[in-house]
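Have a look at my_file-v4.cif; it's mmCIF, C-alpha atoms:
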data_structure
#
loop_
_atom_site.label_atom_id
_atom_site.label_comp_id
_atom_site.auth_asym_id
_atom_site.auth_seq_id
_atom_site.Cartn_x
_atom_site.Cartn_y
_atom_site.Cartn_z
CA LEU A 148 5.93 -14.13 -9.50
CA PRO A 149 9.28 -15.13 -11.07
CA LEU A 150 11.96 -15.47 -8.41
CA LEU A 151 13.89 -12.50 -9.83
CA PHE A 152 10.98 -10.13 -9.22
CA GLN A 153 9.95 -11.79 -5.96
CA ALA A 154 13.16 -10.65 -4.28
CA ALA A 155 11.92 -7.11 -3.58
CA ALA A 156 8.61 -8.25 -2.10
CA ASP A 157 10.41 -10.82 0.06
CA PHE A 158 12.89 -8.19 1.30
CA ALA A 159 10.10 -5.78 2.27
CA LYS A 160 8.14 -8.57 3.98
CA THR A 161 11.21 -9.66 5.97
CA HIS A 162 12.47 -6.24 7.04
CA LEU A 163 9.67 -3.66 7.13
CA PRO A 164 7.34 -5.17 9.78
CA GLU A 165 10.17 -5.62 12.29
CA ALA A 166 11.57 -2.13 11.63
CA LEU A 167 8.11 -0.65 12.19
CA ARG A 168 7.58 -2.71 15.34
CA GLN A 169 10.83 -1.47 16.88
CA GLN A 170 10.07 2.18 16.14
CA LEU A 171 6.49 1.89 17.40
CA LEU A 172 7.74 0.41 20.68
CA ILE A 173 10.12 3.36 21.08
CA TYR A 174 7.28 5.77 20.30
CA ALA A 175 4.98 4.07 22.83
CA ARG A 176 7.64 4.27 25.58
CA GLU A 177 8.30 7.94 24.86
CA SER A 178 4.58 8.69 24.88
CA GLU A 179 4.21 7.02 28.29
CA ARG A 180 7.03 9.17 29.63
CA LYS A 181 5.53 12.27 28.00
CA GLU A 182 8.77 12.79 26.09
CA GLN A 183 8.71 15.01 22.98
CA SER A 184 10.63 13.17 20.27
CA GLY A 185 8.92 14.55 17.17
CA LEU A 186 7.84 11.03 16.25
CA SER A 187 4.32 10.30 15.02
CA TYR A 188 2.67 7.42 13.18
CA PRO A 189 3.05 9.15 9.77
CA SER A 190 6.71 10.04 10.40
CA ILE A 191 7.52 6.50 11.58
CA LEU A 192 5.88 4.98 8.50
CA GLU A 193 7.66 7.35 6.14
CA GLN A 194 11.10 6.93 7.75
CA GLN A 195 10.98 3.14 7.85
CA ILE A 196 9.62 2.74 4.31
CA LEU A 197 12.40 4.98 2.96
CA ASN A 198 14.99 3.12 5.07
CA VAL A 199 13.86 -0.26 3.73
CA ASP A 200 14.00 1.06 0.18
CA ARG A 201 17.61 2.23 0.67
CA GLU A 202 18.62 -1.11 2.17
CA MET A 203 16.82 -2.98 -0.63
CA LEU A 204 18.55 -0.94 -3.33
CA ASP A 205 21.97 -1.60 -1.76
CA LYS A 206 21.33 -5.34 -1.63
CA LEU A 207 19.62 -5.88 -4.99
CA SER A 208 21.73 -3.51 -7.09
CA ALA A 209 24.87 -5.32 -5.93
CA SER A 210 23.61 -8.41 -7.78
CA TYR A 211 22.05 -6.38 -10.64
CA ASN A 212 18.61 -7.51 -9.53
CA GLU A 213 16.07 -5.05 -10.95
CA ALA A 214 13.18 -6.28 -8.77
CA GLY A 215 10.66 -3.84 -7.35
CA THR A 216 7.52 -3.97 -5.26
CA THR A 217 4.59 -1.89 -4.09
CA CYS A 218 4.04 -1.17 -0.39
CA LEU A 219 0.74 -0.66 1.42
CA VAL A 220 0.71 -0.43 5.22
CA ALA A 221 -2.33 0.18 7.45
CA LEU A 222 -1.51 1.10 11.05
CA LEU A 223 -4.39 0.90 13.51
CA SER A 224 -4.38 2.78 16.82
CA ASP A 225 -7.21 3.35 19.31
CA LYS A 226 -9.09 5.99 17.33
CA GLU A 227 -7.10 6.46 14.17
CA LEU A 228 -6.16 4.52 11.05
CA THR A 229 -2.96 5.62 9.29
CA VAL A 230 -2.27 4.29 5.79
CA ALA A 231 0.98 4.59 3.85
CA ASN A 232 1.12 3.73 0.15
CA VAL A 233 3.88 3.40 -2.43
CA GLY A 234 2.82 2.21 -5.89
CA ASP A 235 -0.50 0.92 -7.15
CA SER A 236 -1.71 -1.42 -4.43
CA ARG A 237 -4.81 0.11 -2.86
CA GLY A 238 -6.73 0.26 0.39
CA VAL A 239 -10.50 0.80 0.60
CA LEU A 240 -12.64 1.04 3.73
CA CYS A 241 -16.35 0.34 4.17
CA ASP A 242 -17.86 2.91 6.56
CA LYS A 243 -20.87 2.51 8.86
CA ASN A 244 -23.25 3.32 5.98
CA GLY A 245 -21.70 0.87 3.54
CA ASN A 246 -19.89 3.55 1.55
CA ALA A 247 -16.47 2.92 0.02
CA VAL A 248 -13.82 5.27 1.41
CA PRO A 249 -10.45 5.30 -0.44
CA LEU A 250 -7.54 4.77 1.95
CA SER A 251 -4.89 5.41 -0.71
CA HIS A 252 -4.39 6.74 -4.23
CA ASP A 253 -2.55 4.76 -6.89
CA HIS A 254 0.78 6.09 -8.11
CA LYS A 255 0.35 5.90 -11.89
CA PRO A 256 2.61 7.56 -14.49
CA TYR A 257 -0.29 9.26 -16.32
CA GLN A 258 -1.37 11.28 -13.25
CA LEU A 259 -0.59 14.98 -13.74
CA LYS A 260 1.45 15.32 -10.54
CA GLU A 261 3.51 12.21 -11.29
CA ARG A 262 3.91 13.07 -14.98
CA LYS A 263 5.27 16.52 -14.13
CA ARG A 264 7.70 15.08 -11.59
CA ILE A 265 8.97 12.45 -14.05
CA LYS A 266 9.43 15.06 -16.81
CA LYS A 267 11.26 17.40 -14.41
CA ALA A 268 13.67 14.55 -13.58
CA GLY A 269 14.43 14.15 -17.29
CA GLY A 270 12.28 11.07 -17.79
CA PHE A 271 9.31 10.24 -19.98
CA ILE A 272 6.20 8.07 -20.04
CA SER A 273 4.96 6.06 -22.99
CA PHE A 274 2.04 3.74 -23.68
CA ASN A 275 2.78 0.03 -24.02
CA GLY A 276 -0.42 -1.73 -23.02
CA SER A 277 -0.51 0.79 -20.16
CA TRP A 278 1.31 4.03 -19.39
CA ARG A 279 4.85 3.25 -18.25
CA VAL A 280 7.80 5.20 -16.87
CA GLN A 281 10.65 5.09 -19.44
CA GLY A 282 8.41 2.63 -21.31
CA ILE A 283 9.11 0.07 -18.57
CA LEU A 284 7.29 0.43 -15.24
CA ALA A 285 3.52 0.80 -14.97
CA MET A 286 3.72 2.69 -11.68
CA SER A 287 5.53 5.89 -10.78
CA ARG A 288 6.60 5.01 -7.22
CA SER A 289 7.91 1.75 -5.83
CA LEU A 290 10.43 0.07 -3.56
CA GLY A 291 13.45 -1.34 -5.39
CA ASP A 292 13.62 -0.93 -9.20
CA TYR A 293 17.17 0.37 -8.89
CA PRO A 294 17.85 1.35 -12.55
CA LEU A 295 14.86 3.72 -12.55
CA LYS A 296 15.68 4.95 -9.04
CA ASN A 297 19.15 5.91 -10.24
CA LEU A 298 17.49 8.11 -12.86
CA ASN A 299 15.23 9.59 -10.15
CA VAL A 300 12.16 9.02 -12.34
CA VAL A 301 10.73 6.46 -9.90
CA ILE A 302 10.76 7.37 -6.20
CA PRO A 303 9.95 5.51 -2.96
CA ASP A 304 8.18 8.36 -1.14
CA PRO A 305 4.92 7.16 0.42
CA ASP A 306 1.67 9.07 0.49
CA ILE A 307 0.28 8.90 4.03
CA MET A 308 -3.34 9.47 5.03
CA SER A 309 -5.03 9.36 8.45
CA PHE A 310 -8.66 8.53 9.21
CA ASP A 311 -10.85 9.10 12.27
CA LEU A 312 -12.30 5.73 13.31
CA ASP A 313 -14.93 7.25 15.60
CA LYS A 314 -16.27 9.26 12.68
CA LEU A 315 -16.17 6.50 10.07
CA GLN A 316 -17.17 3.58 12.36
CA PRO A 317 -15.81 1.16 9.75
CA GLN A 318 -17.21 -2.28 9.03
CA PHE A 319 -14.10 -3.58 7.23
CA MET A 320 -11.21 -2.58 4.99
CA ILE A 321 -9.74 -4.19 1.89
CA LEU A 322 -6.00 -4.08 1.18
CA ALA A 323 -5.14 -5.45 -2.25
CA THR A 324 -2.70 -5.42 -5.15
CA ASP A 325 -3.59 -3.83 -8.47
CA GLY A 326 -4.78 -7.14 -9.93
CA LEU A 327 -8.00 -6.83 -7.93
CA TRP A 328 -8.56 -3.20 -8.90
CA ASP A 329 -8.12 -4.03 -12.59
CA THR A 330 -11.40 -5.94 -12.37
CA PHE A 331 -13.27 -4.31 -9.43
CA SER A 332 -14.10 -0.69 -8.67
CA ASN A 333 -13.88 0.44 -5.04
CA ASP A 334 -17.68 0.46 -4.69
CA GLU A 335 -18.09 -2.92 -6.34
CA ALA A 336 -15.42 -4.54 -4.14
CA VAL A 337 -17.07 -3.17 -0.98
CA ARG A 338 -20.49 -4.48 -2.07
CA PHE A 339 -19.02 -7.88 -2.90
CA ILE A 340 -17.25 -8.26 0.47
CA ARG A 341 -20.22 -6.96 2.50
CA GLU A 342 -22.20 -9.97 1.33
CA ARG A 343 -19.43 -12.41 2.25
CA LEU A 344 -18.11 -11.28 5.64
CA ASP A 345 -19.25 -14.55 7.22
CA GLU A 346 -16.95 -16.56 4.97
CA PRO A 347 -13.43 -17.66 5.98
CA HIS A 348 -11.00 -14.78 5.50
CA PHE A 349 -14.04 -12.47 5.39
CA GLY A 350 -14.60 -13.07 1.67
CA ALA A 351 -11.01 -12.40 0.56
CA LYS A 352 -10.69 -15.77 -1.18
CA SER A 353 -13.99 -15.32 -3.00
CA ILE A 354 -13.09 -11.92 -4.40
CA VAL A 355 -9.65 -13.17 -5.52
CA LEU A 356 -11.31 -16.03 -7.42
CA GLN A 357 -13.92 -13.71 -8.92
CA SER A 358 -11.19 -11.33 -10.10
CA PHE A 359 -9.38 -14.28 -11.69
CA TYR A 360 -12.57 -15.48 -13.38
CA ARG A 361 -13.01 -12.00 -14.83
CA GLY A 362 -9.74 -12.47 -16.67
CA CYS A 363 -7.17 -10.67 -14.55
CA PRO A 364 -3.72 -12.05 -15.53
CA ASP A 365 -1.86 -10.09 -12.85
CA ASN A 366 -1.00 -10.87 -9.23
CA ILE A 367 -4.15 -10.75 -7.08
CA THR A 368 -3.38 -10.53 -3.37
CA VAL A 369 -6.16 -9.46 -0.99
CA MET A 370 -6.50 -8.98 2.77
CA VAL A 371 -9.83 -8.11 4.38
CA VAL A 372 -9.78 -6.74 7.94
CA LYS A 373 -13.14 -6.84 9.71
CA PHE A 374 -13.87 -4.31 12.46
CA LYS A 375 -16.04 -5.14 15.46
CA GLY A 376 -18.89 -3.17 16.98
CA ARG A 377 -17.24 0.06 18.01
CA ALA A 378 -14.69 1.97 15.96
CA GLY A 379 -11.14 0.88 16.50
CA GLU A 380 -11.90 -2.73 17.49
CA ARG A 381 -11.02 -5.51 15.08
#

Go ahead and express the file in the form of structure tokens.
Amino acid sequence: LPLLFQAAADFAKTHLPEALRQQLLIYARESERKEQSGLSYPSILEQQILNVDREMLDKLSASYNEAGTTCLVALLSDKELTVANVGDSRGVLCDKNGNAVPLSHDHKPYQLKERKRIKKAGGFISFNGSWRVQGILAMSRSLGDYPLKNLNVVIPDPDIMSFDLDKLQPQFMILATDGLWDTFSNDEAVRFIRERLDEPHFGAKSIVLQSFYRGCPDNITVMVVKFKGRAGER
């Protein structure tokens, strides 16, 4: 990515993991003491993602840097997987039967819910190779992107979903940017990785290369997390 646009991704990478770690430690201590704080994994994820977005906007807008980034976070506890998503990166899980289970839903401008929200805020979407907010951004939610945030047509609010690990007994999950999903369906990606779990990085490098060979010109970043025998182990 050009350095200008890399700034948002770098900011999120530097600040979000540590902010989450601190809040999760507080939550763990309060849980041990049986204190009722109102915190939960979804609320922690939402609060810290919104906080990082505010801090990012303050920093980048001061230098007129229009950078933005997606955000996809998977939080694993003993029996539950909690996934927060902002933008069009996507998570997919392979369950015990080899089925693809979506862990997130892309935030695209053409979706009815997003289109209505954008229109209500006084914005518009138009087609320029893909559907774009104000003819500019090909996703309807993101971190950063301060000019569109000022118009309130792009928002940072994450969608958060929780999954029962005992029920799903997952084999692995794929977390990837939209470049992969431009060339692979959820089912196809799960089939591809299932055959390559013995490779280094559990097949992540192979699927990135395959996506590139299929002609994807976009950023292709992939992480594969392999689960062990019983649900919740990795």

Checklist entry - Which residue out of A:Cys218, A:Ala285, A:Ile265, A:Val230 has the minimum interatomic distance to Thr324 (chain A) when all atoms listed in the file are used? => result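 Among the listed residues, the smallest separation from Thr324 (chain A) belongs to A:Cys218.
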
Item to check | Residue IDs satisfying the PyMOL selection byres ((chain A and resi 159-168) around 8), as JSON, numbers by chain | outcome: {"A": [155, 156, 157, 158, 169, 170, 171, 172, 191, 192, 195, 196, 199, 203]}

Next on the checklist: Calculated over only C-alpha atoms, which of the candidates A:Lys352, A:Lys375, A:Arg180, A:Arg288 has the smallest distance to Leu197 (chain A)?
Outcome noted: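 Closest residue, counting only C-alpha atoms: A:Arg288.
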
Checklist entry - Can you list what the PyMOL selection byres ((chain A and resi 231) around 10) grabs from this structure, as a list of chain:residue names? => result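 For this structure, the PyMOL selection byres ((chain A and resi 231) around 10) captures A:Tyr188, A:Pro189, A:Leu192, A:Glu193, A:Ile196, A:Cys218, A:Leu219, A:Val220, A:Ala221, A:Leu222, A:Thr229, A:Val230, A:Asn232, A:Val233, A:Arg237, A:Gly238, A:Leu250, A:Ser251, A:His252, A:Asp304, A:Pro305, A:Asp306, A:Ile307, A:Met308, A:Ser309.
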
Item to check | Pick from A:Leu204, A:Ala268, A:Val239, A:Leu295, whichever lies nearest to Val369 (chain A) using only C-alpha atoms | outcome: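 Closest residue, counting only C-alpha atoms: A:Val239.
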